[in-house]
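What's in coords.csv: CSV, C-alpha atoms and all ligand atoms
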chain,number,residue,atom,x,y,z
A,12,MET,CA,19.1,97.8,44.6
A,13,PRO,CA,21.2,100.9,43.9
A,14,GLY,CA,19.3,104.2,43.2
A,15,LYS,CA,19.7,106.3,40.1
A,16,ALA,CA,22.4,108.5,41.7
A,17,ASP,CA,24.4,105.5,42.9
A,18,ARG,CA,24.4,104.1,39.4
A,19,ALA,CA,25.6,107.4,38.0
A,20,TYR,CA,28.4,108.1,40.4
A,21,HIS,CA,31.0,105.8,41.9
A,22,PRO,CA,32.8,107.6,44.7
A,23,ARG,CA,36.3,106.5,45.7
A,24,VAL,CA,36.3,104.6,48.9
A,25,ASP,CA,38.7,107.2,50.4
A,26,LEU,CA,36.7,110.1,49.0
A,27,LEU,CA,36.5,111.9,52.3
A,28,ALA,CA,39.6,110.5,54.0
A,29,GLY,CA,40.8,112.7,56.8
A,30,ARG,CA,38.0,115.2,56.4
A,31,VAL,CA,35.8,116.4,59.2
A,32,VAL,CA,32.1,116.7,58.5
A,33,LEU,CA,29.3,117.8,60.7
A,34,VAL,CA,25.9,116.2,60.1
A,35,THR,CA,22.8,117.6,61.9
A,36,GLY,CA,20.0,115.2,62.6
A,37,ALA,CA,22.4,112.4,62.4
A,38,GLY,CA,20.5,110.0,64.6
A,39,ASP,CA,17.7,108.9,62.3
A,40,GLY,CA,16.4,109.0,58.7
A,41,ILE,CA,18.5,110.5,55.9
A,42,GLY,CA,21.0,112.1,58.3
A,43,ARG,CA,21.9,108.8,59.9
A,44,VAL,CA,22.5,107.1,56.6
A,45,ALA,CA,24.5,110.1,55.3
A,46,ALA,CA,26.7,110.1,58.5
A,47,LEU,CA,27.4,106.3,58.0
A,48,ALA,CA,28.2,106.9,54.3
A,49,TYR,CA,30.5,109.8,55.0
A,50,ALA,CA,32.4,107.7,57.7
A,51,GLU,CA,32.6,104.7,55.3
A,52,HIS,CA,34.3,107.0,52.9
A,53,GLY,CA,36.8,108.2,55.5
A,54,ALA,CA,35.3,111.2,57.2
A,55,HIS,CA,35.5,111.9,60.9
A,56,VAL,CA,31.8,112.7,61.5
A,57,VAL,CA,30.4,115.1,64.1
A,58,LEU,CA,27.1,113.5,64.9
A,59,LEU,CA,24.7,116.2,66.1
A,60,GLY,CA,21.1,115.5,67.1
A,61,ARG,CA,18.6,115.7,69.8
A,62,THR,CA,18.2,112.0,70.9
A,63,GLU,CA,21.5,110.9,72.4
A,64,SER,CA,20.7,107.2,72.3
A,65,LYS,CA,20.2,107.3,68.5
A,66,LEU,CA,23.5,109.2,68.1
A,67,GLU,CA,25.3,106.7,70.3
A,68,ALA,CA,23.9,103.8,68.1
A,69,VAL,CA,25.3,105.6,65.0
A,70,PHE,CA,28.6,106.2,66.8
A,71,ASP,CA,28.9,102.5,67.6
A,72,LEU,CA,28.2,101.4,64.1
A,73,ILE,CA,30.9,103.8,62.7
A,74,GLU,CA,33.4,102.6,65.4
A,75,ALA,CA,32.7,99.0,64.5
A,76,ASN,CA,33.0,99.4,60.8
A,77,THR,CA,35.5,102.1,60.1
A,78,GLU,CA,38.8,103.5,61.2
A,79,THR,CA,37.4,107.0,61.6
A,80,ARG,CA,36.9,109.0,64.8
A,81,PRO,CA,33.3,110.2,65.2
A,82,VAL,CA,32.0,112.4,68.1
A,83,VAL,CA,28.5,112.7,69.4
A,84,VAL,CA,27.1,116.2,70.1
A,85,PRO,CA,23.6,116.0,71.7
A,86,ALA,CA,21.9,119.2,70.9
A,87,ASP,CA,18.3,120.2,70.5
A,88,LEU,CA,18.3,122.8,67.7
A,89,GLU,CA,15.1,124.2,69.1
A,90,HIS,CA,17.4,125.9,71.5
A,91,ALA,CA,20.1,126.8,69.0
A,92,SER,CA,21.9,130.0,70.1
A,93,GLU,CA,25.0,131.9,69.4
A,94,ASP,CA,26.6,130.7,72.6
A,95,ALA,CA,25.8,127.1,71.8
A,96,ALA,CA,27.2,127.4,68.3
A,97,THR,CA,30.4,129.1,69.6
A,98,ALA,CA,30.8,126.1,72.0
A,99,LEU,CA,30.4,123.8,69.1
A,100,TYR,CA,33.1,125.7,67.2
A,101,HIS,CA,35.5,125.4,70.1
A,102,ALA,CA,34.7,121.7,70.5
A,103,ILE,CA,35.4,120.9,66.9
A,104,ARG,CA,38.6,122.9,66.8
A,105,ARG,CA,39.8,121.2,70.0
A,106,GLU,CA,38.9,117.7,68.8
A,107,TYR,CA,40.0,117.9,65.2
A,108,GLY,CA,41.5,121.3,64.5
A,109,ARG,CA,39.5,121.5,61.2
A,110,LEU,CA,36.1,121.3,59.5
A,111,ASP,CA,35.6,120.5,55.9
A,112,GLY,CA,31.8,120.2,55.5
A,113,ILE,CA,28.4,120.6,57.0
A,114,LEU,CA,25.3,118.7,56.1
A,115,HIS,CA,22.4,120.7,57.4
A,116,ASN,CA,19.9,117.8,57.5
A,117,ALA,CA,17.9,118.2,60.8
A,118,GLY,CA,14.4,119.3,60.1
A,119,LEU,CA,11.0,119.6,61.7
A,120,LEU,CA,7.8,119.0,59.7
A,121,GLY,CA,5.4,120.8,62.0
A,122,PRO,CA,1.7,120.7,61.6
A,123,ARG,CA,0.0,120.4,58.2
A,124,ALA,CA,-2.5,123.4,58.4
A,125,PRO,CA,-3.5,126.4,56.4
A,126,ILE,CA,-1.7,129.6,57.2
A,127,ALA,CA,-4.9,131.2,58.7
A,128,GLU,CA,-5.0,128.4,61.3
A,129,TYR,CA,-1.3,127.7,61.7
A,130,PRO,CA,-0.3,127.9,65.4
A,131,VAL,CA,2.2,130.7,66.0
A,132,SER,CA,4.2,128.7,68.5
A,133,ASP,CA,4.7,125.8,65.9
A,134,TRP,CA,5.6,128.4,63.3
A,135,LEU,CA,8.4,129.8,65.4
A,136,GLU,CA,9.7,126.4,66.4
A,137,VAL,CA,9.8,125.1,62.9
A,138,MET,CA,11.5,128.3,61.6
A,139,HIS,CA,14.0,128.1,64.4
A,140,VAL,CA,15.0,124.5,63.9
A,141,ASN,CA,15.0,124.5,60.1
A,142,VAL,CA,16.3,128.0,59.3
A,143,ASN,CA,17.7,130.0,62.3
A,144,ALA,CA,19.7,127.0,63.6
A,145,ALA,CA,21.2,126.4,60.2
A,146,PHE,CA,22.2,130.1,60.0
A,147,ILE,CA,23.5,130.2,63.5
A,148,VAL,CA,25.6,127.1,63.2
A,149,THR,CA,27.0,128.0,59.8
A,150,ARG,CA,27.9,131.5,60.9
A,151,ALA,CA,29.8,130.2,63.9
A,152,LEU,CA,31.7,127.6,61.9
A,153,MET,CA,32.6,129.8,58.9
A,154,PRO,CA,36.1,130.5,60.3
A,155,LEU,CA,36.8,126.7,60.5
A,156,LEU,CA,35.4,126.1,57.0
A,157,GLY,CA,37.4,129.0,55.7
A,158,GLU,CA,40.6,127.3,56.8
A,159,SER,CA,39.8,124.2,54.8
A,160,ALA,CA,41.2,124.1,51.3
A,161,ASP,CA,38.0,122.6,50.0
A,162,ALA,CA,34.9,122.9,52.1
A,163,SER,CA,31.3,122.1,51.3
A,164,VAL,CA,28.0,123.2,53.0
A,165,VAL,CA,24.8,121.4,52.0
A,166,PHE,CA,21.4,122.7,53.0
A,167,THR,CA,18.5,120.2,52.9
A,168,SER,CA,15.6,121.5,50.9
A,169,SER,CA,12.3,120.0,49.8
A,170,GLY,CA,10.0,120.1,46.8
A,171,VAL,CA,7.8,122.5,48.8
A,172,GLY,CA,10.8,124.8,49.2
A,173,ARG,CA,10.8,125.4,45.5
A,174,ARG,CA,7.1,125.5,44.8
A,175,GLY,CA,4.8,126.3,47.7
A,176,ARG,CA,1.7,124.1,48.4
A,177,ALA,CA,-1.3,124.5,50.5
A,178,GLU,CA,-1.0,123.4,54.2
A,179,TRP,CA,2.7,123.0,54.2
A,180,GLY,CA,3.0,126.1,56.3
A,181,ALA,CA,6.3,126.9,58.1
A,182,TYR,CA,8.0,123.8,56.7
A,183,ALA,CA,7.6,125.0,53.1
A,184,VAL,CA,8.6,128.6,54.0
A,185,SER,CA,11.6,127.4,56.0
A,186,LYS,CA,12.8,125.5,53.0
A,187,PHE,CA,12.4,128.5,50.7
A,188,ALA,CA,14.5,130.4,53.3
A,189,LEU,CA,17.2,127.8,53.1
A,190,GLU,CA,17.2,128.1,49.3
A,191,GLY,CA,17.7,131.9,49.9
A,192,LEU,CA,20.5,131.2,52.4
A,193,THR,CA,22.2,128.9,49.9
A,194,GLU,CA,22.1,131.6,47.2
A,195,VAL,CA,23.3,134.5,49.5
A,196,LEU,CA,26.1,132.5,51.0
A,197,ALA,CA,27.2,131.0,47.7
A,198,ASP,CA,27.4,134.5,46.2
A,199,GLU,CA,29.4,135.7,49.3
A,200,THR,CA,31.9,132.9,49.1
A,201,ALA,CA,32.2,132.5,45.3
A,202,GLY,CA,35.2,134.8,45.0
A,203,ALA,CA,37.6,132.9,47.2
A,204,GLY,CA,36.5,129.6,45.6
A,205,ARG,CA,37.3,127.5,48.6
A,206,ILE,CA,33.8,126.9,50.1
A,207,ARG,CA,30.9,125.6,48.0
A,208,ILE,CA,27.3,126.0,49.1
A,209,ASN,CA,24.5,124.0,47.6
A,210,SER,CA,20.9,122.9,48.4
A,211,LEU,CA,19.7,119.3,48.1
A,212,ASN,CA,16.2,118.1,47.9
A,213,PRO,CA,16.2,114.4,48.7
A,214,GLY,CA,12.6,114.0,47.4
A,215,ALA,CA,10.2,111.4,48.7
A,216,THR,CA,12.2,109.1,50.9
A,217,ARG,CA,11.3,106.3,53.3
A,218,THR,CA,11.7,107.9,56.7
A,219,ALA,CA,9.7,108.7,59.8
A,220,MET,CA,9.1,112.3,58.6
A,221,ARG,CA,7.7,111.1,55.3
A,222,ALA,CA,5.4,108.7,57.1
A,223,ALA,CA,4.2,111.5,59.3
A,224,ALA,CA,3.5,113.7,56.3
A,225,TYR,CA,1.8,110.9,54.3
A,226,PRO,CA,0.3,108.4,56.8
A,227,ASP,CA,-1.7,106.6,54.1
A,228,GLU,CA,1.3,106.0,51.8
A,229,ASP,CA,2.9,102.6,51.6
A,230,PRO,CA,6.6,103.2,52.6
A,231,GLY,CA,7.6,100.2,50.6
A,232,THR,CA,6.9,102.2,47.4
A,233,LEU,CA,9.6,104.9,48.4
A,234,PRO,CA,13.3,104.8,48.0
A,235,PRO,CA,15.3,104.4,51.2
A,236,PRO,CA,17.9,107.1,52.1
A,237,GLU,CA,20.7,104.7,50.9
A,238,ASP,CA,19.5,105.3,47.3
A,239,HIS,CA,20.5,109.0,47.5
A,240,MET,CA,24.0,108.6,48.9
A,241,GLY,CA,25.7,109.1,45.5
A,242,LEU,CA,24.5,112.7,45.5
A,243,TYR,CA,25.2,113.3,49.2
A,244,LEU,CA,28.8,112.0,48.7
A,245,TYR,CA,29.3,113.9,45.5
A,246,LEU,CA,28.4,117.2,47.1
A,247,MET,CA,30.4,116.7,50.2
A,248,GLY,CA,33.6,115.4,48.5
A,249,PRO,CA,36.2,116.9,46.2
A,250,ASP,CA,34.5,115.8,43.0
A,251,SER,CA,32.1,118.7,43.4
A,252,LYS,CA,34.9,121.3,43.9
A,253,GLY,CA,33.8,124.6,42.2
A,254,VAL,CA,30.2,123.6,42.2
A,255,THR,CA,28.4,126.3,44.2
A,256,GLY,CA,25.0,127.9,44.4
A,257,GLY,CA,23.3,124.9,42.9
A,258,ARG,CA,19.9,123.3,43.6
A,259,PHE,CA,20.1,119.5,43.5
A,260,ASP,CA,17.4,116.9,43.4
A,261,ALA,CA,18.2,113.4,44.4
A,262,ALA,CA,15.3,111.9,42.5
A,263,SER,CA,16.5,113.3,39.1
A,264,TRP,CA,20.2,113.6,39.6
A,265,ALA,CA,22.0,111.7,36.8
A,266,GLY,CA,25.5,112.0,38.1
A,267,PRO,CA,28.3,114.6,37.8
A,268,PRO,CA,28.6,116.6,34.6
A,301,LIG,P1,13.5,112.3,60.1
A,301,LIG,O1,12.4,113.0,60.8
A,301,LIG,O2,13.4,110.9,59.8
A,301,LIG,O3,14.9,112.7,60.7
A,301,LIG,C1,15.2,114.0,61.1
A,301,LIG,C2,16.4,114.0,62.0
A,301,LIG,O4,16.5,115.3,62.5
A,301,LIG,C3,16.1,113.1,63.3
A,301,LIG,O5,17.3,112.5,63.6
A,301,LIG,C4,15.7,114.1,64.3
A,301,LIG,O6,16.0,113.8,65.6
A,301,LIG,C5,16.5,115.3,63.9
A,301,LIG,N1,15.9,116.5,64.5
A,301,LIG,C6,14.7,117.0,64.4
A,301,LIG,N2,14.5,118.1,65.1
A,301,LIG,C7,15.6,118.3,65.7
A,301,LIG,C8,16.1,119.3,66.6
A,301,LIG,N3,15.3,120.2,67.1
A,301,LIG,N4,17.4,119.3,67.1
A,301,LIG,C9,18.2,118.3,66.6
A,301,LIG,N5,17.9,117.4,65.7
A,301,LIG,C10,16.6,117.4,65.3
A,301,LIG,O7,13.6,113.2,58.7
A,301,LIG,P2,14.2,112.8,57.3
A,301,LIG,O8,15.4,112.0,57.4
A,301,LIG,O9,13.0,112.4,56.4
A,301,LIG,O10,14.6,114.3,56.8
A,301,LIG,C11,15.9,114.7,56.7
A,301,LIG,C12,15.9,116.1,56.0
A,301,LIG,O11,15.4,115.8,54.7
A,301,LIG,C13,14.9,117.1,56.6
A,301,LIG,O12,15.5,118.4,56.5
A,301,LIG,C14,13.7,117.0,55.7
A,301,LIG,O13,13.0,118.2,55.7
A,301,LIG,C15,14.3,116.7,54.4
A,301,LIG,N6,13.4,116.1,53.4
A,301,LIG,C16,12.9,114.8,53.6
A,301,LIG,C17,12.1,114.2,52.7
A,301,LIG,C18,11.5,112.8,52.9
A,301,LIG,O14,10.7,112.4,52.1
A,301,LIG,N7,11.9,112.1,53.9
A,301,LIG,C19,11.6,114.9,51.5
A,301,LIG,C20,12.2,116.2,51.4
A,301,LIG,C21,13.0,116.8,52.3
A,301,LIG,P3,15.2,112.6,66.4
A,301,LIG,O15,15.7,111.4,65.9
A,301,LIG,O16,15.6,112.9,67.8
A,301,LIG,O17,13.8,112.9,66.1
Just give me the structure of the file as structure tokens.
Ligand code: NDP
Amino acid sequence: MPGKADRAYHPRVDLLAGRVVLVTGAGDGIGRVAALAYAEHGAHVVLLGRTESKLEAVFDLIEANTETRPVVVPADLEHASEDAATALYHAIRREYGRLDGILHNAGLLGPRAPIAEYPVSDWLEVMHVNVNAAFIVTRALMPLLGESADASVVFTSSGVGRRGRAEWGAYAVSKFALEGLTEVLADETAGAGRIRINSLNPGATRTAMRAAAYPDEDPGTLPPPEDHMGLYLYLMGPDSKGVTGGRFDAASWAGPP
């Protein structure tokens, strides 16, 4: 059954034809489904994630069902560094010679605990994976994005990244930081008009992360990631050209203006 966004937006089948899109956390959950949707719409997808076997499974599905040319980049963003991001830049330039979009989707939930008891090591890990890695990767890839006539960067936010709630700790703070990164980068790139930067809150979605955050919830009551792909495709493709600095919510998105 199509979700609200899918009813509201009907992307062309070749929406992303020939484009190159990096998806982080592409092995599972929302990132996996977004990577498949991007490839189905013609994108060559750079599949980055920490579990190689999951990435390989996504790679195989894309190879079997599309004419696109994905690549697998096993990387644990807990160790994201300037050197690793520079290596990624060179690998993408060598493989494709271009980059037209990044979906920053990988995320760590971390412990649910009050700030006073939040373990410092978990805080640093969640902030590194969710925020620092997104900054480091984006910074390294900006030269490639700048060469695209029409590039899109999407940062994945959350409801608790727009309104803080007790015991969401570093996860919530990291999402606030991504909202800030979205605004700063959107302002910096607005003049040239070739790169758009937006944040996307998928909202409650049937994934492993949601199940970990709400163990008593019946996953069957939640929309699967597939229901949000209208918005994920809209923001990544040319139909959103000129849309920048926005905060999008998959649950309430009613389609393009
Ligand atoms: P999942 O936990 O299901 O998937 C997250 C993906 O990110 C996994 O493939 C995981 O890899 C990967 N990942 C996690 N840590 C790292 C790391 N250190 N290095 C590389 N990859 C990593 O999460 P969701 O699909 O639910 O979430 C996707 C995004 O959406 C996240 O940013 C999340 O915060 C956000 N979100 C989700 C909501 C929901 O209800 N599901 C609600 C609001 C926001 P592996 O498979 O190896 O674990």
May I ask you to write as number ranges by chain all residues lying at most 7 Å from ligand LIG 301 (chain A), with all atoms listed in the file counted?
A: 35-43, 59-62, 65, 86-89, 116-120, 140, 167-170, 212-221
What's around Val83 in chain A at 9 Å? Count all atoms listed in the file, leave out sequence neighbours fewer than 5 positions away in its own chain, and write the answer as a VMD selection string.
chain A and resid 56 to 60 63 66 to 67 69 to 70
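One distance worth recording is that between CA of Ser92 in chain A and CA of Ala144 in chain A, which is 7.5 Å.
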Near-Ala203 in chain A list (12 Å; all atoms listed in the file; drop same-chain fewer than 2 positions) as a ChimeraX atom specification:
/A:157-162,197-201,205-207,253,255
Surrounding residues of Ala48 in chain A excluding itself and chain neighbours under 2 positions, 12 Å, all atoms listed in the file, as a PyMOL selection string:
chain A and resi 22-28+32+34+37+41-46+50-56+69+72-73+76-77+79+236-245+247-248
Fewer than 2 positions away in the same chain doesn't count, so skip those; otherwise give me all residues within 6 Å of range 107-110 of chain A, counting all atoms listed in the file, as an MDAnalysis selection string.
chainID A and resid 31 103:105 112 155:156
Have a look at A:Val184, A:Val142, A:Val165, A:Ala102 and name the one nearest to His115 in chain A; count only C-alpha atoms.
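For His115 in chain A, the nearest of the given residues is A:Val165.
Going from CA of Arg30 in chain A over to CA of Ala262 in chain A, you cover 26.8 Å.
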Which residues come within 7 Å of Gly180 in chain A, counting only C-alpha atoms, excluding same-chain residues fewer than 2 positions away, as a PyMOL selection string?
chain A and resi 123-126+178+182-184
In terms of the shortest atom-to-atom distance over all atoms listed in the file, which of A:Thr97, A:Thr232, A:Asn141, A:Ser210 is closest to Val254 in chain A?
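Among the listed residues, A:Ser210 lies closest to Val254 in chain A.
If you look at CA of Ala96 in chain A and CA of Ala151 in chain A, they are 5.8 Å away from each other.
In terms of minimum interatomic distance to Val137 in chain A, A:Ala181 ranks closest within A:Leu192, A:Ala224, A:Ala181, A:Ala265, counting all atoms listed in the file.
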